[in-house]
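Text of final37.pdb (PDB, C-alpha atoms) as supplied:
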```pdb
MODEL        1
ATOM      1  CA  MET A   9      -6.729 -14.688 -16.098
ATOM      2  CA  ASN A  10     -10.124 -15.720 -14.861
ATOM      3  CA  SER A  11     -10.861 -16.532 -18.546
ATOM      4  CA  LEU A  12     -10.699 -12.852 -19.492
ATOM      5  CA  LEU A  13      -7.356 -12.887 -21.268
ATOM      6  CA  ALA A  14      -5.096 -15.722 -22.372
ATOM      7  CA  ALA A  15      -1.578 -14.674 -21.418
ATOM      8  CA  ALA A  16       1.860 -15.954 -20.557
ATOM      9  CA  ALA A  17       4.194 -14.650 -17.871
ATOM     10  CA  VAL A  18       7.938 -14.267 -17.586
ATOM     11  CA  VAL A  19       9.948 -13.972 -14.398
ATOM     12  CA  VAL A  20      13.695 -13.361 -14.364
ATOM     13  CA  LEU A  21      15.739 -15.119 -11.700
ATOM     14  CA  TYR A  22      19.059 -13.929 -10.339
ATOM     15  CA  ASN A  23      20.364 -15.726  -7.246
ATOM     16  CA  PRO A  24      16.812 -16.074  -5.895
ATOM     17  CA  ASP A  25      15.690 -16.948  -2.375
ATOM     18  CA  ASN A  26      12.973 -19.498  -1.667
ATOM     19  CA  ILE A  27      10.436 -16.658  -1.432
ATOM     20  CA  VAL A  28      10.415 -16.555  -5.239
ATOM     21  CA  ILE A  29       8.260 -19.704  -5.235
ATOM     22  CA  ASP A  30       5.632 -18.011  -3.060
ATOM     23  CA  ASN A  31       5.751 -14.931  -5.284
ATOM     24  CA  ILE A  32       5.216 -16.958  -8.459
ATOM     25  CA  ASN A  33       2.324 -18.776  -6.817
ATOM     26  CA  THR A  34       0.448 -15.472  -6.504
ATOM     27  CA  TYR A  35      -0.024 -15.323 -10.291
ATOM     28  CA  ILE A  36       0.658 -18.754 -11.756
ATOM     29  CA  ASN A  37      -3.031 -19.724 -11.704
ATOM     30  CA  ASP A  38      -3.978 -16.554 -13.615
ATOM     31  CA  VAL A  39      -1.777 -17.240 -16.643
ATOM     32  CA  GLU A  40      -1.375 -20.210 -18.962
ATOM     33  CA  ILE A  41       2.414 -20.572 -18.756
ATOM     34  CA  VAL A  42       5.292 -18.997 -16.824
ATOM     35  CA  PHE A  43       8.666 -18.658 -18.523
ATOM     36  CA  VAL A  44      11.324 -18.712 -15.809
ATOM     37  CA  VAL A  45      14.507 -17.244 -17.284
ATOM     38  CA  ASP A  46      17.399 -17.966 -14.956
ATOM     39  CA  ASN A  47      20.231 -15.417 -15.146
ATOM     40  CA  SER A  48      22.019 -16.837 -12.098
ATOM     41  CA  ASP A  49      25.675 -17.755 -12.490
ATOM     42  CA  GLN A  50      25.299 -20.412  -9.786
ATOM     43  CA  LYS A  51      21.961 -22.194 -10.062
ATOM     44  CA  LYS A  52      19.767 -22.826  -7.022
ATOM     45  CA  ILE A  53      18.997 -26.457  -7.802
ATOM     46  CA  SER A  54      16.493 -26.944  -4.964
ATOM     47  CA  ILE A  55      14.472 -23.927  -6.118
ATOM     48  CA  ILE A  56      14.519 -25.111  -9.731
ATOM     49  CA  LYS A  57      13.289 -28.576  -8.721
ATOM     50  CA  ASN A  58      10.455 -27.071  -6.699
ATOM     51  CA  LEU A  59       9.432 -24.813  -9.561
ATOM     52  CA  LEU A  60       9.390 -27.656 -12.057
ATOM     53  CA  LYS A  61       6.842 -29.534  -9.959
ATOM     54  CA  ASN A  62       4.267 -27.228 -11.553
ATOM     55  CA  SER A  63       3.479 -28.154 -15.163
ATOM     56  CA  LYS A  64       2.931 -24.478 -16.038
ATOM     57  CA  ILE A  65       6.603 -23.647 -15.459
ATOM     58  CA  TYR A  66       8.855 -23.478 -18.536
ATOM     59  CA  TYR A  67      12.396 -23.179 -17.189
ATOM     60  CA  ILE A  68      15.112 -21.546 -19.331
ATOM     61  CA  ASP A  69      18.748 -21.661 -18.245
ATOM     62  CA  ASN A  70      20.259 -18.448 -19.620
ATOM     63  CA  HIS A  71      23.799 -19.689 -18.887
ATOM     64  CA  GLY A  72      24.854 -16.872 -16.592
ATOM     65  CA  ASN A  73      23.771 -13.283 -16.219
ATOM     66  CA  GLN A  74      22.882 -11.977 -19.674
ATOM     67  CA  GLY A  75      20.985  -8.981 -18.305
ATOM     68  CA  ILE A  76      17.346  -8.184 -17.660
ATOM     69  CA  ALA A  77      16.710  -6.939 -21.216
ATOM     70  CA  ASN A  78      17.982 -10.181 -22.752
ATOM     71  CA  ALA A  79      15.878 -12.279 -20.373
ATOM     72  CA  LEU A  80      12.731 -10.253 -21.072
ATOM     73  CA  ASN A  81      13.316 -10.582 -24.808
ATOM     74  CA  ILE A  82      13.673 -14.358 -24.446
ATOM     75  CA  GLY A  83      10.412 -14.578 -22.529
ATOM     76  CA  SER A  84       8.643 -12.315 -25.017
ATOM     77  CA  LYS A  85       9.831 -14.239 -28.077
ATOM     78  CA  ASN A  86       8.879 -17.587 -26.545
ATOM     79  CA  ALA A  87       5.410 -16.229 -25.779
ATOM     80  CA  ILE A  88       5.050 -14.893 -29.335
ATOM     81  CA  ASN A  89       6.120 -18.232 -30.791
ATOM     82  CA  MET A  90       3.390 -19.927 -28.747
ATOM     83  CA  GLY A  91       0.766 -17.510 -30.028
ATOM     84  CA  TYR A  92       0.273 -15.276 -26.985
ATOM     85  CA  LYS A  93      -0.651 -11.611 -27.400
ATOM     86  CA  TRP A  94       0.042 -10.467 -23.836
ATOM     87  CA  LEU A  95       2.906 -11.191 -21.448
ATOM     88  CA  LEU A  96       2.980 -10.548 -17.709
ATOM     89  CA  THR A  97       6.515  -9.394 -16.817
ATOM     90  CA  MET A  98       7.541 -10.075 -13.218
ATOM     91  CA  ASP A  99      10.549  -9.528 -10.995
ATOM     92  CA  GLN A 100      11.469 -12.368  -8.661
ATOM     93  CA  ASP A 101      10.809 -10.151  -5.619
ATOM     94  CA  SER A 102       7.288  -9.081  -6.621
ATOM     95  CA  LYS A 103       3.885 -10.577  -5.961
ATOM     96  CA  ILE A 104       0.450  -9.618  -7.173
ATOM     97  CA  THR A 105      -2.506  -8.734  -4.978
ATOM     98  CA  GLN A 106      -6.036 -10.053  -5.302
ATOM     99  CA  ASP A 107      -7.808  -8.941  -8.481
ATOM    100  CA  MET A 108      -4.776  -7.000  -9.745
ATOM    101  CA  LEU A 109      -4.738  -8.825 -13.069
ATOM    102  CA  LEU A 110      -8.529  -8.808 -13.313
ATOM    103  CA  LYS A 111      -8.549  -5.010 -13.065
ATOM    104  CA  MET A 112      -5.762  -4.683 -15.623
ATOM    105  CA  THR A 113      -7.376  -7.040 -18.124
ATOM    106  CA  HIS A 114     -10.698  -5.237 -17.739
ATOM    107  CA  TYR A 115      -9.015  -2.118 -19.111
ATOM    108  CA  ILE A 116      -7.751  -4.071 -22.121
ATOM    109  CA  GLN A 117     -11.223  -5.467 -22.780
ATOM    110  CA  THR A 118     -12.825  -2.016 -22.715
ATOM    111  CA  HIS A 119     -10.255  -0.008 -24.694
ATOM    112  CA  THR A 120      -8.469  -0.193 -28.034
ATOM    113  CA  ALA A 121      -5.708  -2.725 -27.387
ATOM    114  CA  SER A 122      -3.740  -1.823 -30.531
ATOM    115  CA  GLU A 123      -2.966   1.602 -29.027
ATOM    116  CA  ILE A 124      -1.541   0.161 -25.794
ATOM    117  CA  SER A 125       2.071  -0.840 -25.263
ATOM    118  CA  ILE A 126       1.962  -1.564 -21.523
ATOM    119  CA  ILE A 127      -0.671  -1.926 -18.825
ATOM    120  CA  SER A 128       0.973  -1.280 -15.469
ATOM    121  CA  PRO A 129      -0.223  -1.747 -11.900
ATOM    122  CA  PHE A 130       0.501   0.673  -9.100
ATOM    123  CA  HIS A 131       3.841  -0.363  -7.568
ATOM    124  CA  ALA A 132       3.380  -0.393  -3.808
ATOM    125  CA  ASN A 133       6.252  -0.444  -1.336
ATOM    126  CA  LYS A 134       6.514  -0.343   2.438
ATOM    127  CA  PHE A 135       6.242   3.466   2.419
ATOM    128  CA  GLN A 136       3.398   3.812  -0.068
ATOM    129  CA  GLN A 137       0.723   1.142  -0.269
ATOM    130  CA  ASN A 138      -1.802   2.842  -2.524
ATOM    131  CA  SER A 139      -1.933   5.444  -5.257
ATOM    132  CA  SER A 140      -2.652   8.977  -4.067
ATOM    133  CA  THR A 141      -4.922   9.679  -7.047
ATOM    134  CA  LYS A 142      -8.623   8.846  -7.147
ATOM    135  CA  GLU A 143      -8.518   8.295 -10.903
ATOM    136  CA  LEU A 144      -9.045   4.680 -11.920
ATOM    137  CA  TYR A 145      -6.237   4.839 -14.463
ATOM    138  CA  SER A 146      -3.548   7.238 -15.695
ATOM    139  CA  THR A 147      -1.619   7.636 -18.934
ATOM    140  CA  ILE A 148       2.015   7.755 -17.853
ATOM    141  CA  LEU A 149       5.421   8.168 -19.457
ATOM    142  CA  THR A 150       7.396   5.381 -17.775
ATOM    143  CA  THR A 151       6.893   2.512 -15.364
ATOM    144  CA  MET A 152       8.942  -0.270 -13.799
ATOM    145  CA  THR A 153       8.888  -3.651 -15.522
ATOM    146  CA  SER A 154       7.433  -5.807 -12.785
ATOM    147  CA  GLY A 155       3.718  -6.518 -12.892
ATOM    148  CA  ASN A 156       3.156  -5.154 -16.393
ATOM    149  CA  LEU A 157       1.066  -6.653 -19.151
ATOM    150  CA  LEU A 158       3.163  -6.265 -22.266
ATOM    151  CA  ASN A 159       1.408  -6.038 -25.632
ATOM    152  CA  LEU A 160       3.404  -8.453 -27.766
ATOM    153  CA  ASP A 161       2.068  -7.080 -31.055
ATOM    154  CA  VAL A 162       3.522  -3.694 -30.125
ATOM    155  CA  PHE A 163       6.708  -5.402 -28.903
ATOM    156  CA  GLN A 164       7.227  -6.723 -32.421
ATOM    157  CA  GLN A 165       6.488  -3.359 -34.008
ATOM    158  CA  ILE A 166       8.842  -1.225 -31.916
ATOM    159  CA  GLY A 167      11.567  -3.779 -31.248
ATOM    160  CA  GLY A 168      12.384  -5.524 -27.991
ATOM    161  CA  PHE A 169      14.134  -4.347 -24.874
ATOM    162  CA  THR A 170      17.532  -2.722 -25.452
ATOM    163  CA  GLU A 171      20.086  -5.342 -24.483
ATOM    164  CA  ASN A 172      23.189  -3.138 -24.438
ATOM    165  CA  LEU A 173      21.736  -1.362 -21.388
ATOM    166  CA  PHE A 174      21.883  -4.768 -19.639
ATOM    167  CA  ILE A 175      20.043  -3.681 -16.473
ATOM    168  CA  ASP A 176      18.643  -0.397 -15.104
ATOM    169  CA  TYR A 177      16.667   1.991 -17.311
ATOM    170  CA  VAL A 178      15.756  -0.916 -19.582
ATOM    171  CA  ASP A 179      12.109  -0.394 -18.587
ATOM    172  CA  ASN A 180      12.300   3.399 -18.906
ATOM    173  CA  GLU A 181      13.819   3.217 -22.377
ATOM    174  CA  TYR A 182      11.158   0.793 -23.610
ATOM    175  CA  CYS A 183       8.392   3.042 -22.251
ATOM    176  CA  LEU A 184       9.900   6.181 -23.773
ATOM    177  CA  ARG A 185      10.247   4.453 -27.135
ATOM    178  CA  SER A 186       6.636   3.328 -26.886
ATOM    179  CA  ASN A 187       5.472   6.884 -26.210
ATOM    180  CA  LEU A 188       7.643   8.243 -28.989
ATOM    181  CA  LEU A 189       5.957   5.860 -31.414
ATOM    182  CA  LYS A 190       2.492   6.865 -30.127
ATOM    183  CA  PHE A 191       1.746   3.776 -28.081
ATOM    184  CA  LYS A 192       0.288   4.294 -24.612
ATOM    185  CA  VAL A 193       1.597   3.263 -21.209
ATOM    186  CA  ILE A 194      -1.393   2.986 -18.869
ATOM    187  CA  ARG A 195      -1.296   2.580 -15.085
ATOM    188  CA  ILE A 196      -4.320   1.044 -13.370
ATOM    189  CA  ASN A 197      -4.180   2.933 -10.085
ATOM    190  CA  HIS A 198      -6.311   0.518  -8.064
ATOM    191  CA  ALA A 199      -4.425  -2.597  -9.267
ATOM    192  CA  ILE A 200      -1.703  -3.084  -6.673
ATOM    193  CA  LEU A 201       1.623  -4.882  -7.059
ATOM    194  CA  GLU A 202       3.717  -5.503  -3.958
ATOM    195  CA  HIS A 203       7.204  -4.650  -5.138
ATOM    196  CA  ASN A 204      10.352  -4.952  -3.039
ATOM    197  CA  LEU A 205      12.645  -2.355  -4.620
ATOM    198  CA  GLY A 206      16.114  -2.997  -3.228
ATOM    199  CA  ASN A 207      16.579  -2.328   0.484
ATOM    200  CA  LEU A 208      14.362   0.742   0.415
ATOM    201  CA  LYS A 209      14.786   3.377   3.136
ATOM    202  CA  GLN A 210      13.287   6.832   3.512
ATOM    203  CA  HIS A 211      15.236   9.970   4.454
ATOM    204  CA  GLN A 212      14.406  13.625   4.832
ATOM    205  CA  ILE A 213      16.682  16.542   3.934
ATOM    206  CA  PHE A 214      15.085  19.759   5.179
ATOM    207  CA  TRP A 215      11.475  19.566   3.907
ATOM    208  CA  LYS A 216      12.127  17.066   1.119
ATOM    209  CA  LYS A 217      11.780  13.285   1.446
ATOM    210  CA  PHE A 218      14.113  10.963  -0.459
ATOM    211  CA  PHE A 219      14.426   7.211  -0.819
ATOM    212  CA  SER A 220      17.630   5.206  -0.880
ATOM    213  CA  THR A 221      17.511   1.804  -2.547
ATOM    214  CA  ASN A 222      20.871   0.651  -1.123
ATOM    215  CA  HIS A 223      21.704  -1.056  -4.384
ATOM    216  CA  SER A 224      25.133  -2.600  -4.861
ATOM    217  CA  PRO A 225      28.076  -0.707  -6.409
ATOM    218  CA  ILE A 226      27.594  -2.516  -9.743
ATOM    219  CA  ARG A 227      23.933  -1.449  -9.872
ATOM    220  CA  ARG A 228      25.057   2.130  -9.261
ATOM    221  CA  TYR A 229      27.369   1.758 -12.247
ATOM    222  CA  TYR A 230      24.573   0.641 -14.575
ATOM    223  CA  SER A 231      22.159   3.262 -13.278
ATOM    224  CA  PHE A 232      24.620   6.126 -13.746
ATOM    225  CA  ARG A 233      25.775   5.004 -17.195
ATOM    226  CA  ASN A 234      22.365   4.170 -18.589
ATOM    227  CA  ARG A 235      20.673   7.300 -17.274
ATOM    228  CA  LEU A 236      23.148   9.345 -19.294
ATOM    229  CA  LYS A 237      22.338   7.319 -22.407
ATOM    230  CA  ILE A 238      18.592   7.770 -21.910
ATOM    231  CA  ILE A 239      19.033  11.524 -21.563
ATOM    232  CA  GLU A 240      21.114  11.590 -24.743
ATOM    233  CA  LEU A 241      18.506   9.631 -26.696
ATOM    234  CA  TYR A 242      15.342  11.349 -25.509
ATOM    235  CA  GLN A 243      16.126  14.865 -24.284
ATOM    236  CA  ASN A 244      14.705  16.454 -27.447
ATOM    237  CA  ASN A 245      11.454  14.494 -27.297
ATOM    238  CA  PHE A 246      10.921  14.388 -23.528
ATOM    239  CA  PRO A 247      12.783  17.406 -22.091
ATOM    240  CA  THR A 248      10.891  17.544 -18.774
ATOM    241  CA  TYR A 249      11.551  13.896 -18.040
ATOM    242  CA  CYS A 250      15.231  14.240 -18.943
ATOM    243  CA  GLN A 251      15.635  17.367 -16.834
ATOM    244  CA  PHE A 252      14.246  15.444 -13.877
ATOM    245  CA  GLU A 253      16.703  12.609 -14.539
ATOM    246  CA  LYS A 254      19.575  15.105 -14.628
ATOM    247  CA  SER A 255      18.605  16.369 -11.188
ATOM    248  CA  ARG A 256      18.596  12.806  -9.873
ATOM    249  CA  PHE A 257      22.323  12.512 -10.552
ATOM    250  CA  PHE A 258      23.037  14.904  -7.729
ATOM    251  CA  VAL A 259      20.367  13.476  -5.458
ATOM    252  CA  ASP A 260      21.793   9.971  -5.885
ATOM    253  CA  ILE A 261      25.324  11.138  -5.111
ATOM    254  CA  ILE A 262      24.140  12.903  -1.934
ATOM    255  CA  ILE A 263      22.100   9.893  -0.795
ATOM    256  CA  VAL A 264      24.977   7.473  -1.390
ATOM    257  CA  LEU A 265      27.489   9.671   0.431
ATOM    258  CA  LEU A 266      25.205  10.483   3.377
ATOM    259  CA  TYR A 267      23.117   7.370   3.951
ATOM    260  CA  GLU A 268      24.405   4.247   2.258
ATOM    261  CA  LYS A 269      27.125   1.732   3.027
ATOM    262  CA  GLU A 270      30.089   1.082   0.689
ATOM    263  CA  ARG A 271      30.146   4.808  -0.127
ATOM    264  CA  CYS A 272      33.611   4.781  -1.644
ATOM    265  CA  SER A 273      32.954   1.727  -3.838
ATOM    266  CA  LYS A 274      29.624   3.095  -5.030
ATOM    267  CA  PHE A 275      31.036   6.511  -5.837
ATOM    268  CA  LYS A 276      33.885   4.911  -7.805
ATOM    269  CA  MET A 277      31.424   2.794  -9.790
ATOM    270  CA  MET A 278      29.248   5.826 -10.514
ATOM    271  CA  LEU A 279      32.347   7.568 -11.860
ATOM    272  CA  ARG A 280      33.181   4.472 -13.911
ATOM    273  CA  GLY A 281      29.645   4.524 -15.300
ATOM    274  CA  TYR A 282      30.132   8.126 -16.410
ATOM    275  CA  LEU A 283      33.478   7.330 -18.043
ATOM    276  CA  ASP A 284      32.137   4.263 -19.842
ATOM    277  CA  TYR A 285      29.213   6.290 -21.160
ATOM    278  CA  LYS A 286      31.657   8.856 -22.556
ATOM    279  CA  ARG A 287      33.698   6.035 -24.129
ATOM    280  CA  GLY A 288      30.603   4.404 -25.627
ATOM    281  CA  ILE A 289      31.063   1.244 -23.568
ATOM    282  CA  PHE A 290      27.760  -0.567 -22.922
ATOM    283  CA  GLY A 291      26.536  -4.080 -22.267
ATOM    284  CA  LYS A 292      27.706  -6.151 -19.326
ATOM    285  CA  TYR A 293      30.266  -4.559 -17.038
ATOM    286  CA  HIS A 294      33.744  -6.022 -17.257
ATOM    287  CA  ASP A 295      36.360  -4.974 -14.742
TER     288      ASP A 295
ENDMDL
END
```
Represent the structure of the file as structure tokens.
Amino acid sequence: MNSLLAAAAVVVLYNPDNIVIDNINTYINDVEIVFVVDNSDQKKISIIKNLLKNSKIYYIDNHGNQGIANALNIGSKNAINMGYKWLLTMDQDSKITQDMLLKMTHYIQTHTASEISIISPFHANKFQQNSSTKELYSTILTTMTSGNLLNLDVFQQIGGFTENLFIDYVDNEYCLRSNLLKFKVIRINHAILEHNLGNLKQHQIFWKKFFSTNHSPIRRYYSFRNRLKIIELYQNNFPTYCQFEKSRFFVDIIIVLLYEKERCSKFKMMLRGYLDYKRGIFGKYHD
């Protein structure tokens, strides 16, 4: 990263479009290697061939969708085996902005790295392009995975990403565990990541604004199930966070029923997520 920090990157593919190549190109010159972990059931051969034209790409066929946590763990362990201390974790639909990584690595160079679990950028979307705070950085509780610099020494100390969550709340759980074990999650507010979070739309109910991600029914299943598990695990240590997550249950139900398509299917999968949580069923969803 402009010779400031030797790091690897991992990006998880799942049925990607060609835009993923452009997204990877925004950061490939700032890292030494990019682990591309492909969770797609049907591989996009033309995309893979284009990616492999770059010698920095290390392609890993994960033989079907094993979940985001599994893919991140694979990327992390490969980076550790090659001697890297930091790993840039990217979604396929995200791209970095100019100097994002430079600003993030500057924080690492000027602070005690052993206390840091994650350095996060500000996640911009089409409704919010910049952080509302004037502070250069903030200590936060949780952040989304994409665009983060993951401290691999801490990764080994606290354990990897929780694979039985599969997808959704994998990032939140890792951040909460980091905080619980006294490692910091830091957001660099002026380091901007362009993140395409689902099919994001904004709505207003009375005076309150809400966002709908328009995720698929299966994503609603994972979100509902895993949120309940996170609340169970961390409500004693982070009661304010968990109370907020409880309130989001009702907000999500209202948004799905009022504003999203496939309402019936999504509501059924949210109910299935609740039932599977009660039954202790985790991992990949099986109909």
task = Name the residues, using the chain letters and numbers of the file, that sit within 6 Å of (2.3, -13.4, -18.9) when counting only C-alpha atoms, and give them as a list in words.
result = Ala15, Ala16, Ala17, Val18, Leu95 and Leu96 of chain A
Around all of region 193-199 of chain A's listed atoms, make the axis-aligned box with 4 Å on each side and tell me centre and edge lengths in Å to one decimal, as lines of an AutoDock Vina configuration file.
```
center_x = -2.4
center_y = 0.3
center_z = -14.6
size_x = 15.9
size_y = 13.9
size_z = 21.1
```
Quick one: which region 75-132 of chain A residues come within 6 Å of region 147-166 of chain A, and what is the nearest atom pair for each with the distance in Å to one decimal, counting all atoms listed in the file, rows ordered by chain and ascending number, as CSV?
```
residue,atom,partner,partner_atom,distance
A:Lys93,CA,A:Leu160,CA,5.2
A:Trp94,CA,A:Asn159,CA,5.0
A:Leu95,CA,A:Leu158,CA,5.0
A:Leu96,CA,A:Leu157,CA,4.6
A:Thr97,CA,A:Asn156,CA,5.4
A:Met98,CA,A:Ser154,CA,4.3
A:Asp99,CA,A:Ser154,CA,5.2
A:Ser125,CA,A:Asn159,CA,5.3
A:Ile126,CA,A:Leu158,CA,4.9
A:Ile127,CA,A:Leu157,CA,5.0
A:Ser128,CA,A:Asn156,CA,4.5
```
Which residues are near Leu13 (chain A)? Cut-off 12 Å, all atoms listed in the file, ignore same chain within fewer than 5 positions. Put them as a PDB file with C-alpha atoms, in the coordinates of the input.
```pdb
ATOM      1  CA  ASP A  38      -3.978 -16.554 -13.615  1.00  0.00           C
ATOM      2  CA  VAL A  39      -1.777 -17.240 -16.643  1.00  0.00           C
ATOM      3  CA  GLU A  40      -1.375 -20.210 -18.962  1.00  0.00           C
ATOM      4  CA  TYR A  92       0.273 -15.276 -26.985  1.00  0.00           C
ATOM      5  CA  LYS A  93      -0.651 -11.611 -27.400  1.00  0.00           C
ATOM      6  CA  TRP A  94       0.042 -10.467 -23.836  1.00  0.00           C
ATOM      7  CA  LEU A  95       2.906 -11.191 -21.448  1.00  0.00           C
ATOM      8  CA  LEU A  96       2.980 -10.548 -17.709  1.00  0.00           C
ATOM      9  CA  LEU A 109      -4.738  -8.825 -13.069  1.00  0.00           C
ATOM     10  CA  LEU A 110      -8.529  -8.808 -13.313  1.00  0.00           C
ATOM     11  CA  LYS A 111      -8.549  -5.010 -13.065  1.00  0.00           C
ATOM     12  CA  MET A 112      -5.762  -4.683 -15.623  1.00  0.00           C
ATOM     13  CA  THR A 113      -7.376  -7.040 -18.124  1.00  0.00           C
ATOM     14  CA  HIS A 114     -10.698  -5.237 -17.739  1.00  0.00           C
ATOM     15  CA  TYR A 115      -9.015  -2.118 -19.111  1.00  0.00           C
ATOM     16  CA  ILE A 116      -7.751  -4.071 -22.121  1.00  0.00           C
ATOM     17  CA  GLN A 117     -11.223  -5.467 -22.780  1.00  0.00           C
ATOM     18  CA  ALA A 121      -5.708  -2.725 -27.387  1.00  0.00           C
ATOM     19  CA  LEU A 157       1.066  -6.653 -19.151  1.00  0.00           C
ATOM     20  CA  ASN A 159       1.408  -6.038 -25.632  1.00  0.00           C
TER      21      ASN A 159
END
```
Residue IDs satisfying the PyMOL selection byres ((chain A and resi 273) around 12), as a PyMOL selection string = chain A and resi 223-229+264-265+268-272+274-280
key: Gap from CA of Asn197 (chain A) to CA of Ile175 (chain A) - Å, one decimal   = 25.9 Å
So that I can see what lies close to region 168-170 of chain A, please list as a tab-separated table (two decimals) with C-alpha atoms, in the frame of the given file the residues with an atom at most 9 Å from it, counting only C-alpha atoms and leaving out residues fewer than 2 positions away in the same chain.
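out-v5.tsv, freshly written:
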```
chain	number	residue	atom	x	y	z
A	76	ILE	CA	17.35	-8.18	-17.66
A	77	ALA	CA	16.71	-6.94	-21.22
A	78	ASN	CA	17.98	-10.18	-22.75
A	80	LEU	CA	12.73	-10.25	-21.07
A	81	ASN	CA	13.32	-10.58	-24.81
A	84	SER	CA	8.64	-12.32	-25.02
A	163	PHE	CA	6.71	-5.40	-28.90
A	164	GLN	CA	7.23	-6.72	-32.42
A	165	GLN	CA	6.49	-3.36	-34.01
A	166	ILE	CA	8.84	-1.23	-31.92
A	172	ASN	CA	23.19	-3.14	-24.44
A	173	LEU	CA	21.74	-1.36	-21.39
A	174	PHE	CA	21.88	-4.77	-19.64
A	178	VAL	CA	15.76	-0.92	-19.58
A	179	ASP	CA	12.11	-0.39	-18.59
A	181	GLU	CA	13.82	3.22	-22.38
A	182	TYR	CA	11.16	0.79	-23.61
```
Each residue of region 163-245 of chain A with at least one atom at most 8 Å from region 249-253 of chain A should appear once, together with its nearest atom pair and the corresponding distance in Å (one decimal); atoms considered: all atoms listed in the file; ordering: chain, then increasing residue number; output as JSON lines.
```
{"residue": "A:Arg235", "atom": "CA", "partner": "A:Glu253", "partner_atom": "CA", "distance": 7.2}
{"residue": "A:Ile238", "atom": "CA", "partner": "A:Cys250", "partner_atom": "CA", "distance": 7.9}
{"residue": "A:Ile239", "atom": "CA", "partner": "A:Cys250", "partner_atom": "CA", "distance": 5.4}
{"residue": "A:Tyr242", "atom": "CA", "partner": "A:Cys250", "partner_atom": "CA", "distance": 7.2}
{"residue": "A:Gln243", "atom": "CA", "partner": "A:Cys250", "partner_atom": "CA", "distance": 5.5}
```
inquiry  = Considering all atoms listed in the file, can you say which of A:Tyr177, A:Tyr66, A:Tyr145, A:Tyr230 comes closest to Tyr293 (chain A)?
reply    =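 Ranking A:Tyr177, A:Tyr66, A:Tyr145, A:Tyr230 by distance to Tyr293 (chain A), first place goes to A:Tyr230.
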request  = Just give me the gap between CA of Glu202 (chain A) and CA of Leu21 (chain A) in Å, one decimal is fine.
outcome  =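 The value is 17.2 Å.
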request  = Translate the PyMOL selection byres ((chain A and resi 200) around 10), as applied to the file shown, into an explicit residue set as number ranges by chain.
outcome  = A: 103-109, 111-112, 128-133, 137-139, 155, 196-199, 201-203
inquiry  = What does the structure give for the distance between CA of Arg185 (chain A) and CA of Tyr282 (chain A), in Å to one decimal?
reply    = 22.9 Å
remark   = In terms of all atoms listed in the file, the residue from A:Thr34, A:Lys292, A:Ile194, A:Ile53 at minimal distance from His119 (chain A) is A:Ile194
key: Which of A:Ile65, A:Ile263, A:Val45, A:Leu184 sits closest to Asn23 (chain A) [using only C-alpha atoms]   =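 Under the stated criterion, the closest residue is A:Val45.
Applied to the file shown here, the PyMOL selection byres ((chain A and resi 100) around 8) selects A:Val19, A:Val20, A:Leu21, A:Tyr22, A:Pro24, A:Val28, A:Asn31, A:Ile32, A:Met98, A:Asp99, A:Asp101, A:Ser102.
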request  = Tell me which protein, DNA and RNA residues are within 10 Å of Gly72 (chain A), counting all atoms listed in the file, leaving out same-chain ones fewer than 5 positions away, and put them as a ChimeraX atom specification.
outcome  = /A:22,46-51
Selection file, C-alpha atoms, as a JSON list (two decimals), keeping the file's coordinate frame:
```
[["chain", "number", "residue", "atom", "x", "y", "z"],
["A", 22, "TYR", "CA", 19.06, -13.93, -10.34],
["A", 46, "ASP", "CA", 17.40, -17.97, -14.96],
["A", 47, "ASN", "CA", 20.23, -15.42, -15.15],
["A", 48, "SER", "CA", 22.02, -16.84, -12.10],
["A", 49, "ASP", "CA", 25.68, -17.76, -12.49],
["A", 50, "GLN", "CA", 25.30, -20.41, -9.79],
["A", 51, "LYS", "CA", 21.96, -22.19, -10.06]]
```
Please produce region 271-278 of chain A, completed to N, CA and C atoms, as a PDB file, in the coordinates of the input.
```
ATOM      1  N   ARG A 271      30.195   3.503   0.553  1.00  0.00           N
ATOM      2  CA  ARG A 271      30.146   4.808  -0.127  1.00  0.00           C
ATOM      3  C   ARG A 271      31.250   4.957  -1.158  1.00  0.00           C
ATOM      4  N   CYS A 272      32.462   4.597  -0.758  1.00  0.00           N
ATOM      5  CA  CYS A 272      33.611   4.781  -1.644  1.00  0.00           C
ATOM      6  C   CYS A 272      33.473   3.917  -2.897  1.00  0.00           C
ATOM      7  N   SER A 273      33.097   2.646  -2.702  1.00  0.00           N
ATOM      8  CA  SER A 273      32.954   1.727  -3.838  1.00  0.00           C
ATOM      9  C   SER A 273      31.846   2.192  -4.778  1.00  0.00           C
ATOM     10  N   LYS A 274      30.747   2.650  -4.206  1.00  0.00           N
ATOM     11  CA  LYS A 274      29.624   3.095  -5.030  1.00  0.00           C
ATOM     12  C   LYS A 274      29.971   4.353  -5.809  1.00  0.00           C
ATOM     13  N   PHE A 275      30.662   5.278  -5.150  1.00  0.00           N
ATOM     14  CA  PHE A 275      31.036   6.511  -5.837  1.00  0.00           C
ATOM     15  C   PHE A 275      32.006   6.208  -6.978  1.00  0.00           C
ATOM     16  N   LYS A 276      32.941   5.295  -6.754  1.00  0.00           N
ATOM     17  CA  LYS A 276      33.885   4.911  -7.805  1.00  0.00           C
ATOM     18  C   LYS A 276      33.158   4.276  -8.990  1.00  0.00           C
ATOM     19  N   MET A 277      32.147   3.446  -8.702  1.00  0.00           N
ATOM     20  CA  MET A 277      31.424   2.794  -9.790  1.00  0.00           C
ATOM     21  C   MET A 277      30.521   3.788 -10.536  1.00  0.00           C
ATOM     22  N   MET A 278      30.013   4.783  -9.832  1.00  0.00           N
ATOM     23  CA  MET A 278      29.248   5.826 -10.514  1.00  0.00           C
ATOM     24  C   MET A 278      30.155   6.607 -11.460  1.00  0.00           C
TER      25      MET A 278
END
```
